[in-house]
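Since the structure comes first, as structure tokens, the remarks are kept for the end.
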Amino acid sequence: MPSTSTLCVKYYGTRDFYKVFGVSKDAKESEIKKSYYKLSLKVHPDRVEKAEKAVASEKFKVLSKIYSVLSDRNKRALYDEQGTIDDDDDADSSDINWLAFWQKFFKPVSTDDIDDFEKDYKGSQQERRDLKQAYLGGKGCVDYMSQYVPYMDYENEPRIFEILRSMIASGEIPEYKAFTEESKAKRERRRKKAAKEAAASKKEVQKKGKAQKQGSLEQQIAMRQSDRERGFNSLLDCLAAKYAQGK
């Protein structure tokens with residue numbers, strides 16, 4: 001069976017565990033846990049297409065194995081010193097239920113949790129930072145921003161536009177014509193798309209019924225965000241910070 005380091009190179013292009021997690025060598029345990037949470041959700045076997053499950057499962061196992069090393073003081077110290085790990089000390093690792101291992105560290109997220117996040121996020125400094133970054137990245141394109149800012153749907157546009165206008169007026173961000181002179185046709189397309197998505201989302205919620213009230217994070221976001229996953233990384237940042245503290 002290939003070593004963890006070999007699999008790490010195969011699936012993540014490096015044998016450096018810290019690079020895979022995107023943290024520094026002196027990262028705190030909370031930082032490592034937060035990164036593990038974010039990365040593992042992206043390859044979680046329950047939230048990928050059927051054709052991708054096999055590869056996703058292997059990536060998920062590698063991430064979990066890395067976390068099991070970096071979250072253990074002795075194993076981490078040995079890895080820091082030698083740059084390798086002793087896979088033999090975990091001879092039965094192939095039999096480990098990594099999904100169960102993952103669930104030990106992160107509690108299920110309910111609809112109430114996501115509702116609370118939405119309330120805290122709207123009007124927050126985090127939302128303002130996300131808006132600024134998306135505005136600059138898309139040079140004022142509203143369609144671009146809507147893909148990177150959570151809850152930036154047609155219904156919330158008036159509130160968000162007011163925030164952006166105040167930032168332009170204060171000189172915090174430049175004035176882009178793509179934003180200040182957006183055509184009515186583009187706005188109308190967004191309105192129609194929003195109405196279509198809302199209808200589809202309502203139908204899906206009715207179909208799933210009350211049995212889906214307590215689902216996985218990805219299922220809840222998909223339902224509430226109409227399967228668009230707008231600002232998914234930003235959402236994970238905040239949720240990981242909130243729920244990755246302790247078991």
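Chain labels run A, B, ... following the order of the structure tokens; each chain numbers its residues from 1, and ligands are numbered from 1 in the order shown.
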
Which residues, written as a PyMOL selection string, have at least one atom at most 9 Å from Lys75 of chain A, with only C-alpha atoms counted and residues fewer than 5 positions away on the same chain left out?
chain A and resi 68-70+80+85-86

Take the residues just selected and output them with N, CA and C atoms as a PDB file, in the first residue's frame.
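What follows is the written file out13.pdb:
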ATOM      1  N   SER A  68      -4.579  13.601  11.412  1.00  0.00           N
ATOM      2  CA  SER A  68      -4.301  12.730  12.553  1.00  0.00           C
ATOM      3  C   SER A  68      -2.845  12.851  12.992  1.00  0.00           C
ATOM      4  N   VAL A  69      -1.972  13.231  12.069  1.00  0.00           N
ATOM      5  CA  VAL A  69      -0.556  13.438  12.397  1.00  0.00           C
ATOM      6  C   VAL A  69      -0.337  14.817  13.005  1.00  0.00           C
ATOM      7  N   LEU A  70      -0.846  15.842  12.320  1.00  0.00           N
ATOM      8  CA  LEU A  70      -0.589  17.208  12.771  1.00  0.00           C
ATOM      9  C   LEU A  70      -1.350  17.583  14.038  1.00  0.00           C
ATOM     10  N   ASP A  80       7.913  16.949  12.011  1.00  0.00           N
ATOM     11  CA  ASP A  80       8.674  18.195  11.859  1.00  0.00           C
ATOM     12  C   ASP A  80      10.175  17.922  11.837  1.00  0.00           C
ATOM     13  N   ILE A  85       6.508  10.273   8.082  1.00  0.00           N
ATOM     14  CA  ILE A  85       5.752   9.649   9.170  1.00  0.00           C
ATOM     15  C   ILE A  85       5.920   8.150   9.059  1.00  0.00           C
ATOM     16  N   ASP A  86       5.718   7.487  10.155  1.00  0.00           N
ATOM     17  CA  ASP A  86       5.837   6.036  10.182  1.00  0.00           C
ATOM     18  C   ASP A  86       4.455   5.435   9.969  1.00  0.00           C
TER      19      ASP A  86
END

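When only C-alpha atoms are used to measure the gap to Lys59 of chain A, the shortest distance among A:Gln133, A:Thr4, A:Ser35, A:Gln82 belongs to A:Thr4.
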
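Near Arg159 of chain A, within 12 Å and counting only C-alpha atoms, sit Lys122, Gly123, Glu127, Arg128, Leu131, Tyr151, Met152, Asp153, Arg165 and Ser166 of chain A; same-chain residues fewer than 6 positions away were not included.
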
Using N, CA and C atoms, can you export the residues from the last selection as a short mmCIF file (atom, residue, chain, number, x, y, z; two decimals), in the first residue's frame?
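In the end it all went to result-v3.cif:
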data_model
loop_
_atom_site.label_atom_id
_atom_site.label_comp_id
_atom_site.auth_asym_id
_atom_site.auth_seq_id
_atom_site.Cartn_x
_atom_site.Cartn_y
_atom_site.Cartn_z
N LYS A 122 -24.76 39.31 7.44
CA LYS A 122 -25.29 40.50 6.76
C LYS A 122 -25.02 41.76 7.59
N GLY A 123 -24.38 42.72 6.95
CA GLY A 123 -24.06 43.97 7.62
C GLY A 123 -22.77 43.91 8.44
N GLU A 127 -18.72 40.73 5.62
CA GLU A 127 -19.45 40.94 4.38
C GLU A 127 -18.85 42.12 3.63
N ARG A 128 -18.51 43.17 4.34
CA ARG A 128 -17.92 44.35 3.70
C ARG A 128 -16.59 44.00 3.03
N LEU A 131 -17.33 41.95 -0.09
CA LEU A 131 -17.85 42.81 -1.14
C LEU A 131 -16.72 43.59 -1.82
N TYR A 151 -25.17 35.36 -0.02
CA TYR A 151 -26.44 36.07 0.11
C TYR A 151 -26.54 37.30 -0.77
N MET A 152 -25.71 37.38 -1.80
CA MET A 152 -25.84 38.49 -2.74
C MET A 152 -26.78 38.06 -3.86
N ASP A 153 -28.05 37.99 -3.53
CA ASP A 153 -29.05 37.63 -4.52
C ASP A 153 -29.81 38.89 -4.95
N ARG A 165 -21.91 51.89 -2.95
CA ARG A 165 -21.92 53.31 -3.31
C ARG A 165 -21.26 54.16 -2.22
N SER A 166 -21.49 53.78 -0.95
CA SER A 166 -20.87 54.52 0.15
C SER A 166 -19.35 54.33 0.13
#

Name the closest residue to Tyr18 of chain A among the candidates A:Ser3, A:Gln126, A:Gln147, A:Ser71; distances are taken between atoms, counting only C-alpha atoms.
A:Ser71

Excluding Leu136 of chain A and any residue of its chain fewer than 2 positions from it, enumerate the residues within 12 Å of it, using only C-alpha atoms, and give them as a PyMOL selection string.
chain A and resi 129-134+138-142+144-145+148+164+167-168+172-176+178-179

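As for atom CA of Lys53 of chain A and atom CA of Arg76 of chain A, they are spaced 29.3 Å apart.
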
Hey, what's within 8 Å of Lys33 of chain A if we count only C-alpha atoms and toss same-chain stuff fewer than 2 positions away? As a PyMOL selection string, please?
chain A and resi 29-31+35-37+67+71+244

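Each of A:Val9, A:Glu58, A:Asp143, A:Ile66 was checked against Phe21 of chain A using only C-alpha atoms; the smallest atom-to-atom distance is that of A:Ile66.
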